[in-house]
Amino acid sequence: MIDGMWWLVILLSVGVGLWLLAKSRGAKKGEGLSQKSARGQAKNQKTAVNDNLQKTTLLLKQYFPDYAVKRKANHLLVSKQDKKIAMITIDKKIVAGQRRLGEVPVINYHRPPSRDQLTANLQDAE
């Protein structure tokens, strides 16, 4: 049987081993600040997308009053007489352009669109 002294040695060696494992997998020197700044940049990008969606919503309401705009978390749903015309997203990670989601075209921009871009894309969508 193992004496009390050996249990203490085993317990301390397991504790030190776990601490070394955690230390080796943890943040390297200087990474802590970059992770915080990366989270801050992600938050800034999200607010920028929301601001861009807000600008696009205002543009649609100003120049296209016959379209109804519903604001969702990451996109806008554009409808006319209760018929969905298009879904507008603003995402720099996705290629700008159009694709279809069922019967509804999904239009992606990298920044808020101009009035001419919206006119052309909404006419194509109808």
# chains A, B, ... in the order shown; residues from 1 in each chain; ligands from 1
>>> residues_around(residues="region 105-109 of chain A", least_positions_apart="5", cutoff="8 Å", atoms="only C-alpha atoms", output="list in words")
Ile85, Ala86, Met87, Ile88, Thr89, Ile90, Asp91, Lys92, Ile94, Val95, Ala96, Gly97, Gln98, Arg99, Arg100, Asn121 and Ala125 of chain A
>>> select_by_dssp(residues="chain A", states="strand (DSSP E or B)", output="PDB file with N, CA and C atoms, in the first residue's frame")
ATOM      1  N   ALA A  68     -42.384  47.834 -48.939  1.00  0.00           N
ATOM      2  CA  ALA A  68     -42.346  47.702 -47.476  1.00  0.00           C
ATOM      3  C   ALA A  68     -41.023  47.035 -47.100  1.00  0.00           C
ATOM      4  N   VAL A  69     -40.395  47.536 -46.049  1.00  0.00           N
ATOM      5  CA  VAL A  69     -39.093  47.018 -45.617  1.00  0.00           C
ATOM      6  C   VAL A  69     -39.212  46.501 -44.194  1.00  0.00           C
ATOM      7  N   LYS A  70     -38.851  45.229 -44.010  1.00  0.00           N
ATOM      8  CA  LYS A  70     -38.798  44.644 -42.671  1.00  0.00           C
ATOM      9  C   LYS A  70     -37.342  44.426 -42.311  1.00  0.00           C
ATOM     10  N   ARG A  71     -36.981  44.920 -41.162  1.00  0.00           N
ATOM     11  CA  ARG A  71     -35.598  44.816 -40.691  1.00  0.00           C
ATOM     12  C   ARG A  71     -35.441  43.558 -39.863  1.00  0.00           C
ATOM     13  N   HIS A  75     -30.294  41.209 -42.205  1.00  0.00           N
ATOM     14  CA  HIS A  75     -30.760  41.478 -43.556  1.00  0.00           C
ATOM     15  C   HIS A  75     -32.053  42.291 -43.544  1.00  0.00           C
ATOM     16  N   LEU A  76     -32.442  42.728 -44.715  1.00  0.00           N
ATOM     17  CA  LEU A  76     -33.693  43.453 -44.910  1.00  0.00           C
ATOM     18  C   LEU A  76     -34.572  42.633 -45.843  1.00  0.00           C
ATOM     19  N   LEU A  77     -35.848  42.525 -45.513  1.00  0.00           N
ATOM     20  CA  LEU A  77     -36.810  41.881 -46.401  1.00  0.00           C
ATOM     21  C   LEU A  77     -37.614  42.975 -47.089  1.00  0.00           C
ATOM     22  N   VAL A  78     -37.566  42.994 -48.404  1.00  0.00           N
ATOM     23  CA  VAL A  78     -38.268  43.997 -49.189  1.00  0.00           C
ATOM     24  C   VAL A  78     -39.474  43.325 -49.823  1.00  0.00           C
ATOM     25  N   SER A  79     -40.655  43.896 -49.586  1.00  0.00           N
ATOM     26  CA  SER A  79     -41.869  43.321 -50.152  1.00  0.00           C
ATOM     27  C   SER A  79     -42.722  44.426 -50.763  1.00  0.00           C
ATOM     28  N   LYS A  80     -43.577  43.996 -51.674  1.00  0.00           N
ATOM     29  CA  LYS A  80     -44.484  44.921 -52.341  1.00  0.00           C
ATOM     30  C   LYS A  80     -45.837  44.229 -52.407  1.00  0.00           C
ATOM     31  N   LYS A  83     -45.979  40.657 -51.160  1.00  0.00           N
ATOM     32  CA  LYS A  83     -45.201  39.674 -51.923  1.00  0.00           C
ATOM     33  C   LYS A  83     -43.727  39.995 -51.721  1.00  0.00           C
ATOM     34  N   LYS A  84     -42.959  39.017 -51.273  1.00  0.00           N
ATOM     35  CA  LYS A  84     -41.536  39.246 -51.033  1.00  0.00           C
ATOM     36  C   LYS A  84     -40.832  39.470 -52.363  1.00  0.00           C
ATOM     37  N   ILE A  85     -40.149  40.594 -52.452  1.00  0.00           N
ATOM     38  CA  ILE A  85     -39.443  40.961 -53.677  1.00  0.00           C
ATOM     39  C   ILE A  85     -37.973  40.568 -53.587  1.00  0.00           C
ATOM     40  N   ALA A  86     -37.337  40.878 -52.446  1.00  0.00           N
ATOM     41  CA  ALA A  86     -35.899  40.616 -52.320  1.00  0.00           C
ATOM     42  C   ALA A  86     -35.479  40.598 -50.862  1.00  0.00           C
ATOM     43  N   MET A  87     -34.329  39.995 -50.626  1.00  0.00           N
ATOM     44  CA  MET A  87     -33.669  40.044 -49.327  1.00  0.00           C
ATOM     45  C   MET A  87     -32.330  40.735 -49.561  1.00  0.00           C
ATOM     46  N   ILE A  88     -32.074  41.788 -48.800  1.00  0.00           N
ATOM     47  CA  ILE A  88     -30.843  42.559 -48.962  1.00  0.00           C
ATOM     48  C   ILE A  88     -29.943  42.314 -47.762  1.00  0.00           C
ATOM     49  N   THR A  89     -28.693  41.923 -48.034  1.00  0.00           N
ATOM     50  CA  THR A  89     -27.699  41.738 -46.977  1.00  0.00           C
ATOM     51  C   THR A  89     -26.501  42.625 -47.275  1.00  0.00           C
ATOM     52  N   ILE A  90     -25.778  42.964 -46.226  1.00  0.00           N
ATOM     53  CA  ILE A  90     -24.533  43.706 -46.371  1.00  0.00           C
ATOM     54  C   ILE A  90     -23.471  42.915 -45.612  1.00  0.00           C
ATOM     55  N   GLY A  97     -23.385  40.580 -55.124  1.00  0.00           N
ATOM     56  CA  GLY A  97     -24.170  40.137 -56.269  1.00  0.00           C
ATOM     57  C   GLY A  97     -25.463  39.499 -55.815  1.00  0.00           C
ATOM     58  N   GLN A  98     -26.065  38.728 -56.723  1.00  0.00           N
ATOM     59  CA  GLN A  98     -27.351  38.114 -56.440  1.00  0.00           C
ATOM     60  C   GLN A  98     -27.255  36.599 -56.450  1.00  0.00           C
ATOM     61  N   ARG A  99     -28.086  36.005 -55.620  1.00  0.00           N
ATOM     62  CA  ARG A  99     -28.315  34.567 -55.651  1.00  0.00           C
ATOM     63  C   ARG A  99     -29.778  34.376 -55.258  1.00  0.00           C
ATOM     64  N   ARG A 100     -30.290  33.195 -55.328  1.00  0.00           N
ATOM     65  CA  ARG A 100     -31.701  32.963 -55.028  1.00  0.00           C
ATOM     66  C   ARG A 100     -31.831  32.080 -53.794  1.00  0.00           C
ATOM     67  N   LEU A 101     -32.837  32.391 -53.004  1.00  0.00           N
ATOM     68  CA  LEU A 101     -33.219  31.580 -51.852  1.00  0.00           C
ATOM     69  C   LEU A 101     -34.677  31.216 -52.074  1.00  0.00           C
ATOM     70  N   VAL A 104     -37.103  33.946 -53.790  1.00  0.00           N
ATOM     71  CA  VAL A 104     -36.690  35.311 -53.453  1.00  0.00           C
ATOM     72  C   VAL A 104     -35.211  35.514 -53.766  1.00  0.00           C
ATOM     73  N   PRO A 105     -34.885  36.545 -54.551  1.00  0.00           N
ATOM     74  CA  PRO A 105     -33.464  36.833 -54.773  1.00  0.00           C
ATOM     75  C   PRO A 105     -32.822  37.445 -53.524  1.00  0.00           C
ATOM     76  N   VAL A 106     -31.612  37.010 -53.228  1.00  0.00           N
ATOM     77  CA  VAL A 106     -30.836  37.558 -52.118  1.00  0.00           C
ATOM     78  C   VAL A 106     -29.760  38.437 -52.734  1.00  0.00           C
ATOM     79  N   ILE A 107     -29.800  39.718 -52.418  1.00  0.00           N
ATOM     80  CA  ILE A 107     -28.864  40.682 -52.989  1.00  0.00           C
ATOM     81  C   ILE A 107     -27.877  41.068 -51.901  1.00  0.00           C
ATOM     82  N   ASN A 108     -26.597  40.860 -52.159  1.00  0.00           N
ATOM     83  CA  ASN A 108     -25.571  41.192 -51.174  1.00  0.00           C
ATOM     84  C   ASN A 108     -24.746  42.371 -51.669  1.00  0.00           C
ATOM     85  N   TYR A 109     -24.501  43.301 -50.755  1.00  0.00           N
ATOM     86  CA  TYR A 109     -23.637  44.445 -51.016  1.00  0.00           C
ATOM     87  C   TYR A 109     -22.507  44.433 -50.001  1.00  0.00           C
TER      88      TYR A 109
END
>>> atom_distance(atom1="CA of Ala73 (chain A)", atom2="CA of Asp116 (chain A)")
24.9 Å
>>> select_by_dssp(residues="region 37-123 of chain A", states="alpha helix (DSSP H)", output="MDAnalysis selection string")
chainID A and resid 37:63 115:123
>>> write_last_selection(atoms="C-alpha atoms", output="compact mmCIF listing (two decimals), in the first residue's frame")
# COMPACT_ATOMS: atom_id res chain seq x y z
CA SER A 37 -8.92 43.82 -29.87
CA ALA A 38 -10.21 41.11 -32.24
CA ARG A 39 -13.42 40.93 -30.21
CA GLY A 40 -13.65 44.71 -30.34
CA GLN A 41 -13.15 44.70 -34.11
CA ALA A 42 -15.86 42.05 -34.52
CA LYS A 43 -18.20 44.19 -32.43
CA ASN A 44 -17.32 47.26 -34.53
CA GLN A 45 -17.97 45.32 -37.74
CA LYS A 46 -21.37 44.23 -36.44
CA THR A 47 -22.36 47.78 -35.56
CA ALA A 48 -21.05 48.92 -38.95
CA VAL A 49 -23.26 46.33 -40.66
CA ASN A 50 -26.22 47.49 -38.59
CA ASP A 51 -25.49 51.12 -39.51
CA ASN A 52 -25.23 50.15 -43.18
CA LEU A 53 -28.54 48.28 -42.97
CA GLN A 54 -30.10 51.33 -41.34
CA LYS A 55 -28.80 53.56 -44.14
CA THR A 56 -30.17 51.15 -46.74
CA THR A 57 -33.54 51.08 -44.96
CA LEU A 58 -33.73 54.87 -44.98
CA LEU A 59 -32.75 54.94 -48.65
CA LEU A 60 -35.47 52.43 -49.53
CA LYS A 61 -38.12 54.31 -47.57
CA GLN A 62 -37.09 57.63 -49.10
CA TYR A 63 -36.84 56.67 -52.78
CA ARG A 115 -30.09 54.64 -55.45
CA ASP A 116 -29.15 53.47 -58.96
CA GLN A 117 -27.96 50.09 -57.69
CA LEU A 118 -31.17 49.59 -55.74
CA THR A 119 -33.30 50.62 -58.72
CA ALA A 120 -31.55 48.17 -61.02
CA ASN A 121 -31.58 45.27 -58.57
CA LEU A 122 -35.19 45.74 -57.47
CA GLN A 123 -36.37 45.91 -61.08
>>> atom_distance(atom1="CA of Lys93 (chain A)", atom2="CA of His110 (chain A)")
8.3 Å
